[in-house]
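> Below you'll find protein_26.pdb; it's PDB, C-alpha atoms.
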```
ATOM      1  CA  MET A  52     104.120-177.487 -63.823  1.00  0.00           C
ATOM      2  CA  ASN A  53     101.239-179.858 -64.559  1.00  0.00           C
ATOM      3  CA  SER A  54     100.380-179.897 -60.848  1.00  0.00           C
ATOM      4  CA  MET A  55     100.331-176.094 -60.741  1.00  0.00           C
ATOM      5  CA  LEU A  56      98.143-175.984 -63.874  1.00  0.00           C
ATOM      6  CA  ARG A  57      95.675-178.479 -62.411  1.00  0.00           C
ATOM      7  CA  GLY A  58      95.538-176.472 -59.172  1.00  0.00           C
ATOM      8  CA  PHE A  59      94.951-173.257 -61.090  1.00  0.00           C
ATOM      9  CA  THR A  60      92.177-174.892 -63.136  1.00  0.00           C
ATOM     10  CA  ARG A  61      90.477-176.204 -59.993  1.00  0.00           C
ATOM     11  CA  THR A  62      90.666-172.730 -58.443  1.00  0.00           C
ATOM     12  CA  LEU A  63      89.007-171.170 -61.505  1.00  0.00           C
ATOM     13  CA  ALA A  64      86.280-173.838 -61.506  1.00  0.00           C
ATOM     14  CA  LEU A  65      85.626-173.281 -57.799  1.00  0.00           C
ATOM     15  CA  ALA A  66      85.451-169.511 -58.275  1.00  0.00           C
ATOM     16  CA  ALA A  67      82.983-169.921 -61.150  1.00  0.00           C
ATOM     17  CA  SER A  68      80.837-172.290 -59.089  1.00  0.00           C
ATOM     18  CA  LEU A  69      80.782-169.919 -56.111  1.00  0.00           C
ATOM     19  CA  SER A  70      79.877-167.022 -58.382  1.00  0.00           C
ATOM     20  CA  MET A  71      76.987-169.024 -59.863  1.00  0.00           C
ATOM     21  CA  LEU A  72      75.727-170.024 -56.414  1.00  0.00           C
ATOM     22  CA  ALA A  73      75.910-166.422 -55.227  1.00  0.00           C
ATOM     23  CA  GLY A  74      73.769-165.348 -58.168  1.00  0.00           C
ATOM     24  CA  ILE A  75      71.173-168.034 -57.399  1.00  0.00           C
ATOM     25  CA  ALA A  76      71.036-167.178 -53.701  1.00  0.00           C
ATOM     26  CA  ALA A  77      70.577-163.503 -54.504  1.00  0.00           C
ATOM     27  CA  GLY A  78      67.709-164.194 -56.917  1.00  0.00           C
ATOM     28  CA  GLN A  79      69.506-163.016 -60.053  1.00  0.00           C
ATOM     29  CA  GLY A  80      67.637-163.790 -63.260  1.00  0.00           C
ATOM     30  CA  SER A  81      64.527-163.278 -65.383  1.00  0.00           C
ATOM     31  CA  TYR A  82      61.067-163.960 -63.983  1.00  0.00           C
ATOM     32  CA  GLU A  83      57.499-164.131 -65.270  1.00  0.00           C
ATOM     33  CA  ILE A  84      54.709-162.804 -63.065  1.00  0.00           C
ATOM     34  CA  ASP A  85      52.306-165.525 -61.916  1.00  0.00           C
ATOM     35  CA  SER A  86      48.876-163.964 -62.536  1.00  0.00           C
ATOM     36  CA  ALA A  87      47.118-166.552 -60.370  1.00  0.00           C
ATOM     37  CA  HIS A  88      49.081-165.430 -57.305  1.00  0.00           C
ATOM     38  CA  SER A  89      49.451-161.694 -57.992  1.00  0.00           C
ATOM     39  CA  ALA A  90      47.170-158.666 -57.765  1.00  0.00           C
ATOM     40  CA  ALA A  91      47.158-154.863 -58.010  1.00  0.00           C
ATOM     41  CA  GLN A  92      45.243-153.363 -55.093  1.00  0.00           C
ATOM     42  CA  PHE A  93      44.160-149.770 -54.566  1.00  0.00           C
ATOM     43  CA  SER A  94      42.679-147.548 -51.889  1.00  0.00           C
ATOM     44  CA  VAL A  95      40.989-144.143 -52.277  1.00  0.00           C
ATOM     45  CA  ARG A  96      39.109-141.846 -49.903  1.00  0.00           C
ATOM     46  CA  HIS A  97      35.298-141.868 -50.164  1.00  0.00           C
ATOM     47  CA  MET A  98      33.299-138.804 -49.063  1.00  0.00           C
ATOM     48  CA  MET A  99      36.296-137.692 -46.980  1.00  0.00           C
ATOM     49  CA  ILE A 100      35.440-140.159 -44.203  1.00  0.00           C
ATOM     50  CA  SER A 101      36.521-143.674 -45.254  1.00  0.00           C
ATOM     51  CA  ASN A 102      38.646-145.642 -47.705  1.00  0.00           C
ATOM     52  CA  VAL A 103      37.234-147.724 -50.536  1.00  0.00           C
ATOM     53  CA  ARG A 104      39.506-150.624 -51.433  1.00  0.00           C
ATOM     54  CA  GLY A 105      39.565-152.810 -54.488  1.00  0.00           C
ATOM     55  CA  GLN A 106      41.878-154.679 -56.798  1.00  0.00           C
ATOM     56  CA  PHE A 107      42.564-155.709 -60.357  1.00  0.00           C
ATOM     57  CA  ASN A 108      42.453-159.483 -60.397  1.00  0.00           C
ATOM     58  CA  LYS A 109      44.820-160.006 -63.329  1.00  0.00           C
ATOM     59  CA  VAL A 110      48.410-158.770 -63.397  1.00  0.00           C
ATOM     60  CA  SER A 111      50.989-160.092 -65.876  1.00  0.00           C
ATOM     61  CA  GLY A 112      54.457-159.193 -67.049  1.00  0.00           C
ATOM     62  CA  THR A 113      58.144-159.926 -66.624  1.00  0.00           C
ATOM     63  CA  PHE A 114      61.125-158.584 -64.738  1.00  0.00           C
ATOM     64  CA  TYR A 115      64.857-159.080 -64.576  1.00  0.00           C
ATOM     65  CA  TYR A 116      66.568-158.636 -61.213  1.00  0.00           C
ATOM     66  CA  ASP A 117      70.280-158.506 -60.461  1.00  0.00           C
ATOM     67  CA  PRO A 118      71.082-157.392 -56.894  1.00  0.00           C
ATOM     68  CA  ASN A 119      74.719-156.899 -57.901  1.00  0.00           C
ATOM     69  CA  ASP A 120      73.842-154.654 -60.856  1.00  0.00           C
ATOM     70  CA  LEU A 121      70.584-152.850 -60.154  1.00  0.00           C
ATOM     71  CA  ALA A 122      71.073-150.657 -63.227  1.00  0.00           C
ATOM     72  CA  ALA A 123      70.562-153.778 -65.356  1.00  0.00           C
ATOM     73  CA  SER A 124      67.339-154.697 -63.538  1.00  0.00           C
ATOM     74  CA  LYS A 125      64.045-153.925 -65.260  1.00  0.00           C
ATOM     75  CA  VAL A 126      60.299-154.433 -64.873  1.00  0.00           C
ATOM     76  CA  GLU A 127      57.362-154.552 -67.262  1.00  0.00           C
ATOM     77  CA  ALA A 128      53.908-155.122 -65.785  1.00  0.00           C
ATOM     78  CA  LEU A 129      50.442-155.140 -67.367  1.00  0.00           C
ATOM     79  CA  ILE A 130      47.119-154.801 -65.547  1.00  0.00           C
ATOM     80  CA  ASP A 131      43.766-155.913 -66.948  1.00  0.00           C
ATOM     81  CA  ALA A 132      41.413-153.002 -66.182  1.00  0.00           C
ATOM     82  CA  THR A 133      38.368-155.152 -66.981  1.00  0.00           C
ATOM     83  CA  THR A 134      39.074-157.294 -63.895  1.00  0.00           C
ATOM     84  CA  ILE A 135      38.516-154.467 -61.389  1.00  0.00           C
ATOM     85  CA  ASN A 136      36.786-155.720 -58.243  1.00  0.00           C
ATOM     86  CA  THR A 137      35.530-153.612 -55.323  1.00  0.00           C
ATOM     87  CA  ARG A 138      32.948-156.188 -54.172  1.00  0.00           C
ATOM     88  CA  GLU A 139      30.122-153.978 -55.515  1.00  0.00           C
ATOM     89  CA  PRO A 140      29.060-154.768 -59.123  1.00  0.00           C
ATOM     90  CA  LYS A 141      27.459-151.365 -59.795  1.00  0.00           C
ATOM     91  CA  ARG A 142      30.552-149.534 -58.577  1.00  0.00           C
ATOM     92  CA  ASP A 143      32.780-151.858 -60.635  1.00  0.00           C
ATOM     93  CA  ALA A 144      30.750-151.078 -63.752  1.00  0.00           C
ATOM     94  CA  HIS A 145      31.062-147.336 -63.072  1.00  0.00           C
ATOM     95  CA  LEU A 146      34.836-147.606 -62.595  1.00  0.00           C
ATOM     96  CA  LYS A 147      35.150-149.460 -65.912  1.00  0.00           C
ATOM     97  CA  SER A 148      33.101-146.760 -67.683  1.00  0.00           C
ATOM     98  CA  ALA A 149      34.360-143.626 -69.462  1.00  0.00           C
ATOM     99  CA  ASP A 150      33.947-141.690 -66.193  1.00  0.00           C
ATOM    100  CA  PHE A 151      37.020-143.485 -64.842  1.00  0.00           C
ATOM    101  CA  PHE A 152      39.233-146.112 -66.529  1.00  0.00           C
ATOM    102  CA  ASP A 153      37.250-146.378 -69.770  1.00  0.00           C
ATOM    103  CA  ALA A 154      38.283-150.046 -69.817  1.00  0.00           C
ATOM    104  CA  GLU A 155      36.698-150.765 -73.194  1.00  0.00           C
ATOM    105  CA  LYS A 156      38.966-148.186 -74.851  1.00  0.00           C
ATOM    106  CA  PHE A 157      41.993-148.535 -72.546  1.00  0.00           C
ATOM    107  CA  PRO A 158      41.907-152.115 -71.230  1.00  0.00           C
ATOM    108  CA  THR A 159      45.554-152.488 -70.218  1.00  0.00           C
ATOM    109  CA  PRO A 160      47.377-150.044 -67.926  1.00  0.00           C
ATOM    110  CA  THR A 161      51.129-150.721 -68.154  1.00  0.00           C
ATOM    111  CA  PHE A 162      54.242-149.949 -66.126  1.00  0.00           C
ATOM    112  CA  THR A 163      57.696-150.003 -67.738  1.00  0.00           C
ATOM    113  CA  SER A 164      60.687-149.298 -65.528  1.00  0.00           C
ATOM    114  CA  THR A 165      63.354-146.752 -66.446  1.00  0.00           C
ATOM    115  CA  LYS A 166      65.545-146.948 -63.317  1.00  0.00           C
ATOM    116  CA  VAL A 167      66.083-149.321 -60.393  1.00  0.00           C
ATOM    117  CA  TRP A 168      68.184-148.235 -57.413  1.00  0.00           C
ATOM    118  CA  LYS A 169      68.555-148.381 -53.648  1.00  0.00           C
ATOM    119  CA  ASP A 170      68.133-145.474 -51.253  1.00  0.00           C
ATOM    120  CA  GLY A 171      69.605-146.695 -47.984  1.00  0.00           C
ATOM    121  CA  GLY A 172      68.087-150.130 -47.534  1.00  0.00           C
ATOM    122  CA  LYS A 173      65.036-149.341 -49.668  1.00  0.00           C
ATOM    123  CA  LEU A 174      64.638-150.613 -53.238  1.00  0.00           C
ATOM    124  CA  LEU A 175      63.010-148.088 -55.585  1.00  0.00           C
ATOM    125  CA  VAL A 176      61.761-148.547 -59.143  1.00  0.00           C
ATOM    126  CA  LYS A 177      61.007-145.549 -61.350  1.00  0.00           C
ATOM    127  CA  GLY A 178      59.095-146.000 -64.573  1.00  0.00           C
ATOM    128  CA  ASP A 179      56.446-144.894 -67.038  1.00  0.00           C
ATOM    129  CA  LEU A 180      52.891-145.688 -65.988  1.00  0.00           C
ATOM    130  CA  THR A 181      50.426-145.567 -68.862  1.00  0.00           C
ATOM    131  CA  MET A 182      46.777-145.506 -67.836  1.00  0.00           C
ATOM    132  CA  HIS A 183      43.633-144.127 -69.468  1.00  0.00           C
ATOM    133  CA  GLY A 184      45.754-143.272 -72.511  1.00  0.00           C
ATOM    134  CA  VAL A 185      48.082-141.000 -70.503  1.00  0.00           C
ATOM    135  CA  THR A 186      51.704-141.684 -69.538  1.00  0.00           C
ATOM    136  CA  HIS A 187      53.368-140.215 -66.446  1.00  0.00           C
ATOM    137  CA  GLU A 188      56.331-141.145 -64.310  1.00  0.00           C
ATOM    138  CA  ALA A 189      55.713-143.116 -61.109  1.00  0.00           C
ATOM    139  CA  VAL A 190      58.030-144.450 -58.395  1.00  0.00           C
ATOM    140  CA  LEU A 191      57.406-147.795 -56.681  1.00  0.00           C
ATOM    141  CA  ASP A 192      58.667-148.446 -53.156  1.00  0.00           C
ATOM    142  CA  VAL A 193      59.559-152.167 -53.161  1.00  0.00           C
ATOM    143  CA  ASP A 194      59.560-154.524 -50.203  1.00  0.00           C
ATOM    144  CA  GLY A 195      61.663-157.460 -51.395  1.00  0.00           C
ATOM    145  CA  PRO A 196      62.394-159.378 -53.461  1.00  0.00           C
ATOM    146  CA  THR A 197      62.131-162.361 -51.159  1.00  0.00           C
ATOM    147  CA  PRO A 198      64.678-165.202 -51.220  1.00  0.00           C
ATOM    148  CA  GLU A 199      64.013-167.749 -53.943  1.00  0.00           C
ATOM    149  CA  ILE A 200      62.107-170.938 -53.116  1.00  0.00           C
ATOM    150  CA  THR A 201      61.468-174.065 -55.175  1.00  0.00           C
ATOM    151  CA  ASP A 202      57.873-175.278 -55.373  1.00  0.00           C
ATOM    152  CA  GLN A 203      56.668-178.903 -55.539  1.00  0.00           C
ATOM    153  CA  ARG A 204      56.930-178.881 -59.339  1.00  0.00           C
ATOM    154  CA  GLY A 205      60.524-177.685 -59.374  1.00  0.00           C
ATOM    155  CA  ASN A 206      59.718-174.081 -60.331  1.00  0.00           C
ATOM    156  CA  VAL A 207      61.861-171.396 -58.707  1.00  0.00           C
ATOM    157  CA  ARG A 208      59.677-168.635 -57.257  1.00  0.00           C
ATOM    158  CA  ILE A 209      60.238-165.166 -55.823  1.00  0.00           C
ATOM    159  CA  GLY A 210      57.913-162.521 -54.383  1.00  0.00           C
ATOM    160  CA  ALA A 211      57.765-158.772 -53.796  1.00  0.00           C
ATOM    161  CA  THR A 212      55.349-156.051 -52.698  1.00  0.00           C
ATOM    162  CA  ALA A 213      55.481-152.581 -54.255  1.00  0.00           C
ATOM    163  CA  THR A 214      53.537-149.466 -53.232  1.00  0.00           C
ATOM    164  CA  ALA A 215      53.021-146.023 -54.725  1.00  0.00           C
ATOM    165  CA  LYS A 216      50.810-142.978 -54.179  1.00  0.00           C
ATOM    166  CA  LEU A 217      49.349-141.353 -57.277  1.00  0.00           C
ATOM    167  CA  ASN A 218      47.106-138.409 -58.093  1.00  0.00           C
ATOM    168  CA  ARG A 219      44.439-139.917 -60.343  1.00  0.00           C
ATOM    169  CA  GLN A 220      43.835-136.601 -62.109  1.00  0.00           C
ATOM    170  CA  ASP A 221      47.353-136.742 -63.556  1.00  0.00           C
ATOM    171  CA  TRP A 222      46.078-139.627 -65.694  1.00  0.00           C
ATOM    172  CA  GLY A 223      42.820-137.928 -66.680  1.00  0.00           C
ATOM    173  CA  LEU A 224      40.660-139.787 -64.128  1.00  0.00           C
ATOM    174  CA  ASN A 225      38.836-136.594 -63.198  1.00  0.00           C
ATOM    175  CA  TYR A 226      35.327-137.735 -62.320  1.00  0.00           C
ATOM    176  CA  SER A 227      33.934-136.672 -58.940  1.00  0.00           C
ATOM    177  CA  ARG A 228      31.114-134.773 -57.298  1.00  0.00           C
ATOM    178  CA  ALA A 229      31.468-132.019 -54.721  1.00  0.00           C
ATOM    179  CA  LEU A 230      29.999-132.476 -51.251  1.00  0.00           C
ATOM    180  CA  GLU A 231      27.770-129.799 -49.740  1.00  0.00           C
ATOM    181  CA  THR A 232      30.043-129.778 -46.694  1.00  0.00           C
ATOM    182  CA  GLY A 233      33.164-129.323 -48.844  1.00  0.00           C
ATOM    183  CA  GLY A 234      35.526-131.807 -50.392  1.00  0.00           C
ATOM    184  CA  ALA A 235      34.686-134.441 -52.965  1.00  0.00           C
ATOM    185  CA  VAL A 236      32.900-137.788 -53.139  1.00  0.00           C
ATOM    186  CA  VAL A 237      36.092-139.415 -54.476  1.00  0.00           C
ATOM    187  CA  GLY A 238      39.556-138.360 -53.313  1.00  0.00           C
ATOM    188  CA  ASP A 239      42.363-137.574 -55.745  1.00  0.00           C
ATOM    189  CA  GLU A 240      45.162-139.504 -54.009  1.00  0.00           C
ATOM    190  CA  VAL A 241      45.185-143.231 -54.705  1.00  0.00           C
ATOM    191  CA  THR A 242      47.417-145.709 -52.909  1.00  0.00           C
ATOM    192  CA  ILE A 243      48.508-148.592 -55.141  1.00  0.00           C
ATOM    193  CA  THR A 244      49.853-151.899 -53.797  1.00  0.00           C
ATOM    194  CA  LEU A 245      51.258-154.576 -56.099  1.00  0.00           C
ATOM    195  CA  ASP A 246      51.585-158.042 -54.585  1.00  0.00           C
ATOM    196  CA  ILE A 247      53.713-160.026 -57.003  1.00  0.00           C
ATOM    197  CA  GLU A 248      54.704-163.683 -57.156  1.00  0.00           C
ATOM    198  CA  ALA A 249      56.887-164.697 -60.080  1.00  0.00           C
ATOM    199  CA  VAL A 250      58.413-167.822 -61.582  1.00  0.00           C
ATOM    200  CA  LYS A 251      62.022-167.877 -62.768  1.00  0.00           C
ATOM    201  CA  LYS A 252      62.405-168.475 -66.485  1.00  0.00           C
ATOM    202  CA  LYS A 253      64.279-171.641 -67.370  1.00  0.00           C
TER     203      LYS A 253
END
```
When written as structure tokens, how does the structure in this file appear?

Amino acid sequence: MNSMLRGFTRTLALAASLSMLAGIAAGQGSYEIDSAHSAAQFSVRHMMISNVRGQFNKVSGTFYYDPNDLAASKVEALIDATTINTREPKRDAHLKSADFFDAEKFPTPTFTSTKVWKDGGKLLVKGDLTMHGVTHEAVLDVDGPTPEITDQRGNVRIGATATAKLNRQDWGLNYSRALETGGAVVGDEVTITLDIEAVKKK
């Protein structure tokens, strides 16, 4: 009987260990976004002939990811609108002004997830995007998360890239000028790309 009990105990311990290792390999856990290695990029049509690209240099936030229970996964990200950078100071100042983001009044666009699920092999995250004082639903198409790696300081890291297409006018970013040939100086559709690197909370 004692032998059977010891065998049963070892089996339970082994099962628990394998379960823990499976969770680690899958990247299950809570993470904090590393602002130094993350950015929110955007692209919008200019004068109907080219794309202007830029980024917000500071992204922060947290997320919890469980590949075995996506319903429990969640994301909260914050963007610092004052860090907008299109490599043209005058344009950056205009984008920060009340004509666009009004960064002095609304300095922190936020995204809070409401649902995480898979469609085929694609990971999707739906949530509330608040920007310019207006909240609307947005869906992120996520590439990742990557497998976990351990850096030289012993921190466990993970990465992901998320994209979405938004109509800026839905968030009250209405400024534009009409072209004599038709169309507008600034397009309405904006492509957003979030490049995220995060550190696992200990």
> Mind checking which residues fall within 8 Å of Ser86 of chain A, counting only C-alpha atoms, ignoring those fewer than 5 positions away in the same chain, and posting them as a list in words?
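Residues near the query, excluding close chain neighbours: Lys109, Val110, Ser111 and Glu248 of chain A.
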> Mind pulling up the distance from atom CA of Gly195 of chain A to atom CA of Ser124 of chain A?
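Atom-to-atom, atom CA of Ser124 of chain A to atom CA of Gly195 of chain A, that is 13.7 Å.
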> Taking all atoms listed in the file into account, name the residue in A:Thr242, A:Gln106, A:Thr181, A:Thr113 that is nearest to Asp85 of chain A.
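Smallest distance to Asp85 of chain A is found for A:Thr113.
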> Check the smallest atom-to-atom distance from each of A:Ile209, A:Tyr115, A:Thr159, A:Asn136 to His88 of chain A using only C-alpha atoms, then report the winner.
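For His88 of chain A, the nearest of the given residues is A:Ile209.
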> Looking at A:Thr137, A:Asn206, A:Thr186, A:Asn108, which one is nearest to Glu83 of chain A, with distances taken over all atoms listed in the file?
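Distance minimum relative to Glu83 of chain A lands on A:Asn206.
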> Considering all atoms listed in the file, return as a ChimeraX atom specification whatever protein or nucleic-acid residues lie within 7 Å of Val207 of chain A, sequence-local ones (same chain, fewer than 4 positions apart) excluded.
/A:199-202,250-251
> Between atom CA of Thr244 of chain A and atom CA of Val190 of chain A, what is the distance in Å, rounded to a tenth?
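According to the coordinates, atom CA of Thr244 of chain A and atom CA of Val190 of chain A are separated by 12.0 Å.
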> Looking at A:Lys252, A:Arg219, A:Arg138, A:Arg208, which one is nearest to His187 of chain A, with distances taken over only C-alpha atoms?
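When distances to His187 of chain A are compared using only C-alpha atoms, the smallest one comes from A:Arg219.
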> Report as a list in words all protein, DNA and RNA residues lying within 10 Å of Leu121 of chain A, evaluated on all atoms listed in the file, omitting residues in the same chain fewer than 5 positions from it.
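Contacts, with the query itself left out: Tyr115, Tyr116, Lys166, Val167, Trp168, Lys169, Leu174 and Val176 of chain A.
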> Find the residues around Phe151 of chain A up to 12 Å (all atoms listed in the file counted), leave out those fewer than 3 positions away in its own chain, and share them as a list in words.
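Once the adjacent positions are removed, what remains is Ala132, Thr133, Ile135, Arg142, Asp143, Ala144, His145, Leu146, Lys147, Ser148, Ala154, Glu155, Lys156, Phe157, Pro158, Met182, His183, Gly184, Arg219, Gln220, Trp222, Gly223, Leu224, Asn225, Tyr226, Ser227 and Val237 of chain A.
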> Find the residue from A:Ala249, A:Asp150, A:Gly171, A:Val193 that sits nearest to Ser81 of chain A; use only C-alpha atoms when measuring.
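Among the listed residues, the smallest separation from Ser81 of chain A belongs to A:Ala249.
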> Restricting the calculation to only C-alpha atoms: of A:Phe114, A:Phe93, A:Glu127, A:Lys141, which residue gets closest to Gly80 of chain A?
A:Phe114
> Padding 5 Å on every side, please: axis-aligned box over the listed atoms of segment 177-184 of chain A, centre and edge lengths to one decimal in Å, as AutoDock Vina command-line options.

```
--center_x 52.3 --center_y -144.6 --center_z -66.9 --size_x 27.4 --size_y 12.7 --size_z 21.2
```
> What does the structure give for the distance between atom CA of Asp221 of chain A and atom CA of Val241 of chain A, in Å to one decimal?
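That distance, rounded to one decimal, is 11.2 Å.
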